[in-house]
Amino acid sequence: MNDNELELEPVVYIVIGRVWENEDASPDDAITIHALLTAPDDDDAVRKTLESLSAQGFAEAELDQIGVMDGEPDDPVYEGAYQDALAGNVAIVTFTA
C-alpha cells in the first residue's frame, strides 16, 4: 500500500457561538452553542453551521471561535455529536442556563 491509498479521517470542526430564537431578543437571551461538523475548510464549516442553525429556526447567530477536533472527545456531551459529524451531519450542542 502506498501513501495515496491511506484512508484519512475527515477533519471535524468545532464552531462555538451564541444564537437567539428571535430577532428582538436581548443579549441575555443568548443560547451558547457548539457545532461539530466535517468540512473541507473553515469557510465551508462556518457556512454549513449558519445554514444548519437557520434550518433549526434560530433567528440570529454570532460565531466566536472555530477549531479542529483532535480526535474523539472524552466528554460524554460530545460523543454523539462527534459521531454525527463523522456521518456528515452538522451536530449542534446547546447550553442553556
# chains A, B, ... in the order shown; residues from 1 in each chain; ligands from 1
>>> select_by_dssp(residues="chain A", states="strand (DSSP E)", output="MDAnalysis selection string")
chainID A and resid 12:20 31:38 60:68 91:95
>>> select_by_dssp(residues="chain A", states="helix (DSSP H, G or I)", output="number ranges by chain")
A: 3-5, 27-29, 42-55, 76-86
>>> write_last_selection(atoms="N, CA, C and O atoms", output="CSV table (one decimal), in the first residue's frame")
chain,number,residue,atom,x,y,z
A,3,ASP,N,1.2,5.7,0.0
A,3,ASP,CA,0.6,6.8,0.7
A,3,ASP,C,-0.7,7.3,0.1
A,3,ASP,O,-1.5,7.8,0.8
A,4,ASN,N,-0.9,7.1,-1.2
A,4,ASN,CA,-2.1,7.6,-1.9
A,4,ASN,C,-3.3,6.7,-1.5
A,4,ASN,O,-4.4,7.1,-1.7
A,5,GLU,N,-3.1,5.5,-1.0
A,5,GLU,CA,-4.2,4.6,-0.6
A,5,GLU,C,-4.6,4.7,0.8
A,5,GLU,O,-5.5,4.0,1.2
A,27,PRO,N,-29.4,40.5,24.5
A,27,PRO,CA,-28.2,39.7,24.6
A,27,PRO,C,-28.2,38.6,25.8
A,27,PRO,O,-27.6,37.6,25.7
A,28,ASP,N,-29.0,38.9,26.8
A,28,ASP,CA,-29.2,38.0,27.9
A,28,ASP,C,-29.9,36.7,27.5
A,28,ASP,O,-29.9,35.7,28.2
A,29,ASP,N,-30.7,36.7,26.4
A,29,ASP,CA,-31.4,35.6,25.9
A,29,ASP,C,-30.6,34.6,25.0
A,29,ASP,O,-31.2,33.7,24.5
A,42,ASP,N,-12.4,26.1,6.7
A,42,ASP,CA,-13.0,26.9,7.7
A,42,ASP,C,-14.2,27.6,7.2
A,42,ASP,O,-15.3,27.7,7.8
A,43,ASP,N,-14.1,28.2,6.0
A,43,ASP,CA,-15.2,28.9,5.4
A,43,ASP,C,-16.5,28.0,5.2
A,43,ASP,O,-17.6,28.4,5.5
A,44,ASP,N,-16.2,26.8,4.7
A,44,ASP,CA,-17.3,25.9,4.5
A,44,ASP,C,-17.9,25.5,5.8
A,44,ASP,O,-19.2,25.3,5.9
A,45,ALA,N,-17.1,25.3,6.8
A,45,ALA,CA,-17.6,25.0,8.2
A,45,ALA,C,-18.5,26.1,8.7
A,45,ALA,O,-19.6,25.8,9.3
A,46,VAL,N,-18.1,27.3,8.6
A,46,VAL,CA,-19.0,28.4,9.0
A,46,VAL,C,-20.3,28.5,8.2
A,46,VAL,O,-21.3,28.6,8.8
A,47,ARG,N,-20.2,28.3,6.9
A,47,ARG,CA,-21.4,28.4,6.1
A,47,ARG,C,-22.4,27.3,6.5
A,47,ARG,O,-23.6,27.5,6.7
A,48,LYS,N,-21.9,26.1,6.6
A,48,LYS,CA,-22.7,24.9,7.0
A,48,LYS,C,-23.3,25.1,8.4
A,48,LYS,O,-24.5,24.7,8.6
A,49,THR,N,-22.6,25.7,9.3
A,49,THR,CA,-23.1,25.9,10.6
A,49,THR,C,-24.2,26.9,10.6
A,49,THR,O,-25.3,26.7,11.2
A,50,LEU,N,-24.0,28.0,9.9
A,50,LEU,CA,-25.1,29.0,9.8
A,50,LEU,C,-26.3,28.5,9.1
A,50,LEU,O,-27.5,28.8,9.5
A,51,GLU,N,-26.2,27.7,8.1
A,51,GLU,CA,-27.3,27.1,7.4
A,51,GLU,C,-28.1,26.2,8.3
A,51,GLU,O,-29.3,26.2,8.3
A,52,SER,N,-27.4,25.4,9.1
A,52,SER,CA,-28.0,24.4,10.0
A,52,SER,C,-28.7,25.2,11.1
A,52,SER,O,-29.9,24.8,11.5
A,53,LEU,N,-28.1,26.2,11.6
A,53,LEU,CA,-28.8,27.0,12.7
A,53,LEU,C,-30.1,27.6,12.2
A,53,LEU,O,-31.1,27.6,12.8
A,54,SER,N,-30.0,28.2,11.0
A,54,SER,CA,-31.2,28.8,10.3
A,54,SER,C,-32.3,27.7,10.1
A,54,SER,O,-33.5,28.0,10.4
A,55,ALA,N,-31.9,26.5,9.6
A,55,ALA,CA,-32.9,25.5,9.4
A,55,ALA,C,-33.5,25.0,10.7
A,55,ALA,O,-34.7,24.5,10.7
A,76,PRO,N,-18.6,13.1,27.5
A,76,PRO,CA,-19.8,12.4,27.0
A,76,PRO,C,-20.8,13.3,26.3
A,76,PRO,O,-21.6,12.9,25.5
A,77,VAL,N,-20.8,14.6,26.6
A,77,VAL,CA,-21.6,15.6,26.0
A,77,VAL,C,-21.4,15.6,24.5
A,77,VAL,O,-22.4,15.8,23.7
A,78,TYR,N,-20.2,15.4,24.0
A,78,TYR,CA,-19.8,15.5,22.6
A,78,TYR,C,-19.8,14.1,21.9
A,78,TYR,O,-19.6,14.1,20.7
A,79,GLU,N,-19.9,13.0,22.6
A,79,GLU,CA,-19.7,11.7,21.9
A,79,GLU,C,-20.6,11.5,20.7
A,79,GLU,O,-20.2,11.2,19.6
A,80,GLY,N,-21.9,11.7,21.0
A,80,GLY,CA,-22.9,11.5,19.9
A,80,GLY,C,-22.8,12.6,18.8
A,80,GLY,O,-22.9,12.2,17.6
A,81,ALA,N,-22.5,13.8,19.2
A,81,ALA,CA,-22.3,14.9,18.2
A,81,ALA,C,-21.1,14.6,17.3
A,81,ALA,O,-21.1,14.8,16.1
A,82,TYR,N,-20.0,14.0,17.9
A,82,TYR,CA,-18.8,13.7,17.1
A,82,TYR,C,-19.1,12.6,16.1
A,82,TYR,O,-18.8,12.8,14.9
A,83,GLN,N,-19.9,11.6,16.5
A,83,GLN,CA,-20.3,10.6,15.6
A,83,GLN,C,-21.2,11.1,14.5
A,83,GLN,O,-21.1,10.7,13.3
A,84,ASP,N,-22.1,12.0,14.8
A,84,ASP,CA,-23.0,12.6,13.9
A,84,ASP,C,-22.2,13.4,12.8
A,84,ASP,O,-22.5,13.4,11.6
A,85,ALA,N,-21.2,14.1,13.3
A,85,ALA,CA,-20.3,14.9,12.4
A,85,ALA,C,-19.6,14.0,11.5
A,85,ALA,O,-19.5,14.3,10.3
A,86,LEU,N,-19.1,12.9,12.0
A,86,LEU,CA,-18.4,11.9,11.1
A,86,LEU,C,-19.3,11.4,10.0
A,86,LEU,O,-18.9,11.0,8.9
>>> residues_around(residues="Gly67 of chain A", least_positions_apart="4", cutoff="10 Å", atoms="only C-alpha atoms", output="ChimeraX atom specification")
/A:12-16,36,42,45
>>> closest_residue(among="A:Ala59, A:Val93, A:Ile33, A:Ala39", to="Pro10 of chain A", atoms="only C-alpha atoms")
A:Ala39
>>> atom_distance(atom1="atom CA of Pro73 of chain A", atom2="atom CA of Ile92 of chain A")
15.0 Å
>>> atom_distance(atom1="atom CA of Gln65 of chain A", atom2="atom CA of Ala91 of chain A")
15.9 Å
>>> atom_distance(atom1="atom CA of Gly57 of chain A", atom2="atom CA of Gly17 of chain A")
15.6 Å
>>> residues_around(residues="Phe58 of chain A", least_positions_apart="5", cutoff="9 Å", atoms="only C-alpha atoms", output="number ranges by chain")
A: 19-23, 53
>>> write_last_selection(atoms="all heavy atoms", output="PDB file, in the first residue's frame")
ATOM      1  N   VAL A  19     -26.671  31.882  19.861  1.00  0.00           N
ATOM      2  CA  VAL A  19     -27.825  32.036  18.980  1.00  0.00           C
ATOM      3  C   VAL A  19     -28.991  32.617  19.765  1.00  0.00           C
ATOM      4  O   VAL A  19     -29.029  32.554  20.994  1.00  0.00           O
ATOM      5  CB  VAL A  19     -28.249  30.683  18.347  1.00  0.00           C
ATOM      6  CG1 VAL A  19     -27.164  30.142  17.439  1.00  0.00           C
ATOM      7  CG2 VAL A  19     -28.610  29.656  19.411  1.00  0.00           C
ATOM      8  N   TRP A  20     -29.921  33.188  18.998  1.00  0.00           N
ATOM      9  CA  TRP A  20     -31.143  33.725  19.577  1.00  0.00           C
ATOM     10  C   TRP A  20     -32.319  33.165  18.796  1.00  0.00           C
ATOM     11  O   TRP A  20     -32.241  32.978  17.578  1.00  0.00           O
ATOM     12  CB  TRP A  20     -31.156  35.254  19.496  1.00  0.00           C
ATOM     13  CG  TRP A  20     -30.173  35.882  20.416  1.00  0.00           C
ATOM     14  CD1 TRP A  20     -30.410  36.346  21.683  1.00  0.00           C
ATOM     15  CD2 TRP A  20     -28.783  36.132  20.177  1.00  0.00           C
ATOM     16  NE1 TRP A  20     -29.252  36.844  22.239  1.00  0.00           N
ATOM     17  CE2 TRP A  20     -28.236  36.726  21.331  1.00  0.00           C
ATOM     18  CE3 TRP A  20     -27.938  35.898  19.094  1.00  0.00           C
ATOM     19  CZ2 TRP A  20     -26.903  37.107  21.425  1.00  0.00           C
ATOM     20  CZ3 TRP A  20     -26.610  36.259  19.187  1.00  0.00           C
ATOM     21  CH2 TRP A  20     -26.099  36.862  20.348  1.00  0.00           C
ATOM     22  N   GLU A  21     -33.409  32.926  19.509  1.00  0.00           N
ATOM     23  CA  GLU A  21     -34.582  32.337  18.874  1.00  0.00           C
ATOM     24  C   GLU A  21     -35.423  33.359  18.114  1.00  0.00           C
ATOM     25  O   GLU A  21     -36.208  32.980  17.261  1.00  0.00           O
ATOM     26  CB  GLU A  21     -35.416  31.599  19.912  1.00  0.00           C
ATOM     27  CG  GLU A  21     -34.655  30.389  20.452  1.00  0.00           C
ATOM     28  CD  GLU A  21     -35.394  29.640  21.527  1.00  0.00           C
ATOM     29  OE1 GLU A  21     -36.184  30.267  22.282  1.00  0.00           O
ATOM     30  OE2 GLU A  21     -35.177  28.418  21.629  1.00  0.00           O
ATOM     31  N   ASN A  22     -35.287  34.653  18.438  1.00  0.00           N
ATOM     32  CA  ASN A  22     -35.984  35.673  17.664  1.00  0.00           C
ATOM     33  C   ASN A  22     -35.111  36.910  17.545  1.00  0.00           C
ATOM     34  O   ASN A  22     -34.194  37.121  18.341  1.00  0.00           O
ATOM     35  CB  ASN A  22     -37.370  36.001  18.254  1.00  0.00           C
ATOM     36  CG  ASN A  22     -37.291  36.530  19.660  1.00  0.00           C
ATOM     37  OD1 ASN A  22     -36.665  37.558  19.902  1.00  0.00           O
ATOM     38  ND2 ASN A  22     -37.922  35.841  20.601  1.00  0.00           N
ATOM     39  N   GLU A  23     -35.392  37.720  16.546  1.00  0.00           N
ATOM     40  CA  GLU A  23     -34.545  38.870  16.223  1.00  0.00           C
ATOM     41  C   GLU A  23     -34.576  39.967  17.276  1.00  0.00           C
ATOM     42  O   GLU A  23     -33.648  40.752  17.387  1.00  0.00           O
ATOM     43  CB  GLU A  23     -34.950  39.447  14.867  1.00  0.00           C
ATOM     44  CG  GLU A  23     -34.640  38.533  13.721  1.00  0.00           C
ATOM     45  CD  GLU A  23     -35.074  39.104  12.387  1.00  0.00           C
ATOM     46  OE1 GLU A  23     -35.409  40.300  12.315  1.00  0.00           O
ATOM     47  OE2 GLU A  23     -35.072  38.344  11.409  1.00  0.00           O
ATOM     48  N   LEU A  53     -28.131  26.219  11.639  1.00  0.00           N
ATOM     49  CA  LEU A  53     -28.802  26.989  12.688  1.00  0.00           C
ATOM     50  C   LEU A  53     -30.073  27.643  12.161  1.00  0.00           C
ATOM     51  O   LEU A  53     -31.112  27.649  12.832  1.00  0.00           O
ATOM     52  CB  LEU A  53     -27.847  28.038  13.257  1.00  0.00           C
ATOM     53  CG  LEU A  53     -26.670  27.486  14.059  1.00  0.00           C
ATOM     54  CD1 LEU A  53     -25.657  28.576  14.349  1.00  0.00           C
ATOM     55  CD2 LEU A  53     -27.159  26.824  15.348  1.00  0.00           C
TER      56      LEU A  53
END
